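Coordinates as given in data10.cif (mmCIF, C-alpha atoms):
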```
data_upload
#
loop_
_atom_site.group_PDB
_atom_site.id
_atom_site.type_symbol
_atom_site.label_atom_id
_atom_site.label_comp_id
_atom_site.auth_asym_id
_atom_site.auth_seq_id
_atom_site.Cartn_x
_atom_site.Cartn_y
_atom_site.Cartn_z
ATOM 1 C CA ALA M 292 54.815 -28.535 19.353
ATOM 2 C CA VAL M 293 56.587 -30.412 16.605
ATOM 3 C CA VAL M 294 54.305 -32.697 14.595
ATOM 4 C CA SER M 295 54.640 -34.504 11.309
ATOM 5 C CA THR M 296 52.883 -33.031 8.302
ATOM 6 C CA GLN M 297 50.883 -36.253 7.887
ATOM 7 C CA SER M 298 49.605 -36.085 11.492
ATOM 8 C CA GLY M 299 48.716 -32.434 10.993
ATOM 9 C CA HIS M 300 46.646 -33.193 7.873
ATOM 10 C CA TYR M 301 44.918 -36.145 9.526
ATOM 11 C CA GLY M 302 44.304 -34.158 12.697
ATOM 12 C CA ARG M 303 42.538 -31.351 10.797
ATOM 13 C CA GLY M 304 39.930 -33.845 9.626
ATOM 14 C CA LEU M 305 39.369 -35.088 13.181
ATOM 15 C CA LYS M 306 39.401 -31.662 14.827
ATOM 16 C CA TYR M 307 35.806 -31.799 16.066
ATOM 17 C CA PRO M 308 34.744 -32.649 18.659
ATOM 18 C CA ASN M 309 37.428 -31.744 21.171
ATOM 19 C CA PRO M 310 37.254 -30.275 24.700
ATOM 20 C CA PHE M 311 37.928 -26.764 23.340
ATOM 21 C CA SER M 312 35.154 -26.789 20.702
ATOM 22 C CA LYS M 313 31.940 -27.076 22.695
ATOM 23 C CA HIS M 314 30.447 -24.335 20.477
ATOM 24 C CA VAL M 315 30.611 -26.606 17.402
ATOM 25 C CA LEU M 316 27.209 -28.170 16.806
ATOM 26 C CA SER M 317 27.942 -30.238 13.697
ATOM 27 C CA GLU M 318 30.271 -30.776 10.750
ATOM 28 C CA ASP M 319 29.587 -32.412 7.436
ATOM 29 C CA VAL M 320 31.841 -33.290 4.507
ATOM 30 C CA VAL M 321 29.932 -32.224 1.391
ATOM 31 C CA GLU M 322 32.608 -32.806 -1.230
ATOM 32 C CA ARG M 323 35.806 -34.793 -1.493
ATOM 33 C CA ARG M 324 37.743 -35.415 -4.682
ATOM 34 C CA ILE M 325 41.240 -36.106 -5.945
ATOM 35 C CA GLU M 326 42.448 -33.909 -8.746
ATOM 36 C CA ASP M 327 46.017 -33.553 -10.052
ATOM 37 C CA GLY M 328 47.194 -35.764 -7.183
ATOM 38 C CA LYS M 329 45.726 -33.411 -4.541
ATOM 39 C CA LEU M 330 42.876 -34.150 -2.131
ATOM 40 C CA TYR M 331 40.188 -31.454 -2.147
ATOM 41 C CA THR M 332 37.622 -31.410 0.672
ATOM 42 C CA VAL M 333 34.731 -29.064 1.457
ATOM 43 C CA ARG M 334 33.086 -29.202 4.882
ATOM 44 C CA PHE M 335 30.236 -27.222 6.394
ATOM 45 C CA ILE M 336 30.521 -26.534 10.096
ATOM 46 C CA VAL M 337 27.658 -25.257 12.260
ATOM 47 C CA LYS M 338 28.591 -23.339 15.402
ATOM 48 C CA LYS M 339 26.689 -21.529 18.114
ATOM 49 C CA GLN M 340 26.313 -17.879 17.195
ATOM 50 C CA ARG M 341 28.259 -15.667 19.587
ATOM 51 C CA ILE M 342 26.980 -12.219 18.815
ATOM 52 C CA PRO M 343 26.640 -9.786 21.728
ATOM 53 C CA THR M 344 23.087 -8.903 22.686
ATOM 54 C CA SER M 345 23.699 -5.277 21.648
ATOM 55 C CA PHE M 346 24.100 -6.475 18.020
ATOM 56 C CA MET M 347 21.385 -9.179 18.004
ATOM 57 C CA TRP M 348 18.764 -6.785 16.654
ATOM 58 C CA MET M 349 20.711 -6.854 13.377
ATOM 59 C CA VAL M 350 20.592 -10.650 13.068
ATOM 60 C CA PRO M 351 17.582 -12.307 11.411
ATOM 61 C CA ALA M 352 16.117 -15.240 13.356
ATOM 62 C CA LYS M 353 17.334 -17.692 10.698
ATOM 63 C CA HIS M 354 20.950 -16.767 11.576
ATOM 64 C CA LYS M 355 20.950 -17.879 15.213
ATOM 65 C CA ALA M 356 23.671 -20.395 14.316
ATOM 66 C CA CYS M 357 26.927 -19.587 12.520
ATOM 67 C CA TYR M 358 27.510 -21.489 9.283
ATOM 68 C CA VAL M 359 31.109 -21.907 8.156
ATOM 69 C CA LYS M 360 32.519 -23.315 4.926
ATOM 70 C CA GLU M 361 35.928 -24.989 5.169
ATOM 71 C CA THR M 362 37.836 -25.828 1.996
ATOM 72 C CA SER M 363 41.057 -27.820 2.220
ATOM 73 C CA VAL M 364 43.643 -28.916 -0.314
ATOM 74 C CA ILE M 365 46.198 -31.560 0.634
ATOM 75 C CA ASP M 366 49.191 -31.805 -1.678
ATOM 76 C CA PRO M 367 51.165 -34.930 -0.700
ATOM 77 C CA VAL M 368 53.909 -34.344 -3.294
ATOM 78 C CA ASN M 369 54.865 -30.939 -1.856
ATOM 79 C CA GLN M 370 53.788 -31.965 1.659
ATOM 80 C CA GLU M 371 51.459 -28.972 1.973
ATOM 81 C CA CYS M 372 47.950 -28.477 3.248
ATOM 82 C CA THR M 373 45.935 -25.280 2.791
ATOM 83 C CA ILE M 374 42.659 -24.758 4.665
ATOM 84 C CA THR M 375 40.393 -21.768 4.113
ATOM 85 C CA THR M 376 37.379 -21.068 6.326
ATOM 86 C CA GLU M 377 34.772 -18.363 5.922
ATOM 87 C CA ASN M 378 31.475 -17.548 7.530
ATOM 88 C CA LEU M 379 28.529 -18.065 5.195
ATOM 89 C CA ASN M 380 25.873 -16.145 7.080
ATOM 90 C CA CYS M 381 25.841 -12.727 8.741
ATOM 91 C CA ARG M 382 28.322 -11.542 6.114
ATOM 92 C CA PHE M 383 26.404 -8.275 6.012
ATOM 93 C CA ILE M 384 27.525 -7.766 9.642
ATOM 94 C CA SER M 385 31.078 -9.074 9.398
ATOM 95 C CA LEU M 386 33.137 -11.346 7.184
ATOM 96 C CA VAL M 387 35.961 -13.518 8.498
ATOM 97 C CA ILE M 388 38.154 -15.459 6.085
ATOM 98 C CA GLU M 389 41.021 -17.456 7.559
ATOM 99 C CA THR M 390 43.649 -19.358 5.587
ATOM 100 C CA LEU M 391 45.988 -21.824 7.269
ATOM 101 C CA LYS M 392 48.901 -23.258 5.361
ATOM 102 C CA TYR M 393 50.838 -26.235 6.700
ATOM 103 C CA LYS M 394 54.146 -27.039 5.031
ATOM 104 C CA SER M 395 56.623 -29.776 5.884
ATOM 105 C CA VAL M 396 60.013 -28.202 6.547
ATOM 106 C CA ARG M 397 61.909 -31.326 7.628
ATOM 107 C CA MET M 398 61.242 -34.758 9.100
ATOM 108 C CA CYS M 399 58.519 -34.560 11.780
ATOM 109 C CA GLU M 400 58.348 -30.757 11.649
ATOM 110 C CA THR M 401 55.632 -28.612 10.113
ATOM 111 C CA LEU M 402 55.461 -24.858 9.570
ATOM 112 C CA MET M 403 52.002 -23.294 9.947
ATOM 113 C CA GLU M 404 51.143 -19.898 8.473
ATOM 114 C CA ARG M 405 47.833 -18.221 9.411
ATOM 115 C CA ARG M 406 46.332 -15.314 7.481
ATOM 116 C CA THR M 407 43.029 -13.776 8.435
ATOM 117 C CA ARG M 408 40.871 -11.096 6.883
ATOM 118 C CA ILE M 409 38.204 -9.531 9.082
ATOM 119 C CA SER M 410 35.924 -6.886 7.653
ATOM 120 C CA ALA M 411 32.780 -5.120 8.786
ATOM 121 C CA LYS M 412 30.978 -1.966 7.742
ATOM 122 C CA ILE M 413 30.690 -0.748 11.339
ATOM 123 C CA GLU M 414 33.953 -0.114 13.196
ATOM 124 C CA SER M 415 32.686 -1.308 16.592
ATOM 125 C CA ILE M 416 31.617 -4.622 15.043
ATOM 126 C CA GLN M 417 34.973 -5.034 13.308
ATOM 127 C CA ASN M 418 36.787 -4.336 16.597
ATOM 128 C CA TYR M 419 34.547 -6.797 18.467
ATOM 129 C CA THR M 420 35.085 -9.467 15.787
ATOM 130 C CA PHE M 421 38.847 -8.946 15.850
ATOM 131 C CA ASP M 422 39.010 -9.175 19.670
ATOM 132 C CA ARG M 423 36.817 -12.270 19.662
ATOM 133 C CA TYR M 424 38.941 -13.873 16.946
ATOM 134 C CA GLN M 425 42.153 -13.282 18.900
ATOM 135 C CA LYS M 426 40.634 -14.919 22.001
ATOM 136 C CA ASN M 427 39.299 -17.869 20.000
ATOM 137 C CA ILE M 428 42.653 -18.626 18.334
ATOM 138 C CA ALA M 429 44.101 -19.840 21.637
ATOM 139 C CA ASN M 430 41.278 -22.398 21.996
ATOM 140 C CA THR M 431 41.522 -23.364 18.330
ATOM 141 C CA ASP M 432 45.202 -24.151 18.739
ATOM 142 C CA LYS M 433 44.645 -25.963 22.062
ATOM 143 C CA GLY M 434 41.963 -28.102 20.420
ATOM 144 C CA MET M 435 44.269 -29.001 17.535
ATOM 145 C CA MET M 436 47.080 -29.909 19.947
ATOM 146 C CA CYS M 437 44.598 -32.086 21.879
ATOM 147 C CA VAL M 438 43.641 -33.951 18.692
ATOM 148 C CA LEU M 439 47.293 -34.365 17.677
ATOM 149 C CA GLY M 440 48.140 -35.643 21.168
ATOM 150 C CA LEU M 441 45.376 -38.240 20.825
ATOM 151 C CA LEU M 442 46.741 -39.299 17.427
ATOM 152 C CA ASP M 443 50.233 -39.721 18.894
ATOM 153 C CA GLU M 444 48.833 -41.827 21.747
ATOM 154 C CA CYS M 445 46.912 -43.974 19.254
ATOM 155 C CA LYS M 446 50.090 -44.536 17.228
ATOM 156 C CA ARG M 447 51.990 -45.580 20.354
ATOM 157 C CA GLN M 448 49.254 -48.089 21.176
ATOM 158 C CA GLY M 449 48.949 -49.344 17.601
ATOM 159 C CA LEU M 450 45.381 -48.050 17.254
ATOM 160 C CA THR M 451 45.870 -45.812 14.209
ATOM 161 C CA GLY M 452 42.574 -45.354 12.355
ATOM 162 C CA GLN M 453 40.476 -46.223 15.415
ATOM 163 C CA CYS M 454 40.817 -43.038 17.478
ATOM 164 C CA THR M 455 38.138 -40.388 17.873
ATOM 165 C CA MET M 456 37.450 -37.902 20.626
#
```

Kindly return the structure encoded in the file as structure tokens.
Amino acid sequence: AVVSTQSGHYGRGLKYPNPFSKHVLSEDVVERRIEDGKLYTVRFIVKKQRIPTSFMWMVPAKHKACYVKETSVIDPVNQECTITTENLNCRFISLVIETLKYKSVRMCETLMERRTRISAKIESIQNYTFDRYQKNIANTDKGMMCVLGLLDECKRQGLTGQCTM
């Protein structure tokens, strides 16, 4: 899909809830500041923990939910947005760090680059995490397209700033 960079940045902030994110329990903005003309935002996202029962013995009771930190930097001058997410708990089992970079390439067209680092000390856990990540990406992208579609519909109806899922 071709979307404007501005819609992409706005859509990232409205990503939850959407029909493809039923596992997301909550999201909270904990920091937002403007520095050097860039908007910096830190959000904490709480998701249902999706660890297979065969690995649950490794997870302390306090880690029954998955806590994720999302840091974003929006640079309006260069028309770029970089978002980094990482799990905050269960890092001793596996660590997932994903960086998405959105860059305007021409009018109403945005290039997205995704880089992900998945690491675990046990190979079977790393393989499981990688497989799970690949499956989840499809829903992540569908959810984002759903949000962007809603934004486009709001623009057509003159309701910009009033739309939520």

Can you measure CA of Thr332 (chain M) to CA of Thr401 (chain M) for me? One decimal in Å is fine.
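Computing the Euclidean distance for CA of Thr332 (chain M) and CA of Thr401 (chain M) yields 20.5 Å.
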
Once the PyMOL selection byres ((chain M and resi 314) around 8) has been evaluated on this model, what residues remain selected, and can you format them as a compact mmCIF listing (two decimals) with C-alpha atoms, in the coordinates of the input?
```txt
# COMPACT_ATOMS: atom_id res chain seq x y z
CA SER M 312 35.15 -26.79 20.70
CA LYS M 313 31.94 -27.08 22.70
CA VAL M 315 30.61 -26.61 17.40
CA LEU M 316 27.21 -28.17 16.81
CA LYS M 338 28.59 -23.34 15.40
CA LYS M 339 26.69 -21.53 18.11
```

Please, what distance in Å, to one decimal, runs between CA of Glu400 (chain M) and CA of Ile325 (chain M)?
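Interatomic distance here is 25.1 Å.
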
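Closest approach to Glu318 (chain M) from the set M:Cys357, M:Ala352, M:Leu330, M:Val396 is made by M:Cys357, with distances taken over all atoms listed in the file.
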
Mind checking which residues fall within 12 Å of Phe383 (chain M), counting only C-alpha atoms, ignoring those fewer than 4 positions away in the same chain, and posting them as number ranges by chain?
M: 349-351, 354, 378-379, 387, 410-413, 416-417

Quick check, in Å to one decimal: how far apart do CA of Ile428 (chain M) and CA of Ala356 (chain M) lie?
19.5 Å

Could you list, as a list of chain:residue names, every residue matched by the PyMOL selection byres ((chain M and resi 361-365) around 7) in this structure?
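So the PyMOL selection byres ((chain M and resi 361-365) around 7), applied here, picks out M:Lys329, M:Leu330, M:Tyr331, M:Thr332, M:Val333, M:Arg334, M:Phe335, M:Val359, M:Lys360, M:Asp366, M:Pro367, M:Glu371, M:Cys372, M:Thr373, M:Ile374, M:Thr375, M:Thr376, M:Glu377.
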
Listed atoms of region 362-377 of chain M boxed along x, y and z, 8 Å each side, centre and edge lengths in Å, one decimal, as lines of an AutoDock Vina configuration file:
```
center_x = 44.8
center_y = -26.6
center_z = 1.5
size_x = 36.1
size_y = 32.6
size_z = 25.6
```

Residue nearest Arg397 (chain M) - candidates M:Asn418, M:Ser385, M:Asn369, M:Gln425, atoms counted: all atoms listed in the file
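Closest to Arg397 (chain M), using all atoms listed in the file: M:Asn369.
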
Report as a compact mmCIF listing (two decimals) with C-alpha atoms, keeping the file's coordinate frame the full result of the PyMOL selection byres ((chain M and resi 405) around 6) when it is applied to this structure.
```txt
# COMPACT_ATOMS: atom_id res chain seq x y z
CA THR M 390 43.65 -19.36 5.59
CA LEU M 391 45.99 -21.82 7.27
CA GLU M 404 51.14 -19.90 8.47
CA ARG M 406 46.33 -15.31 7.48
```
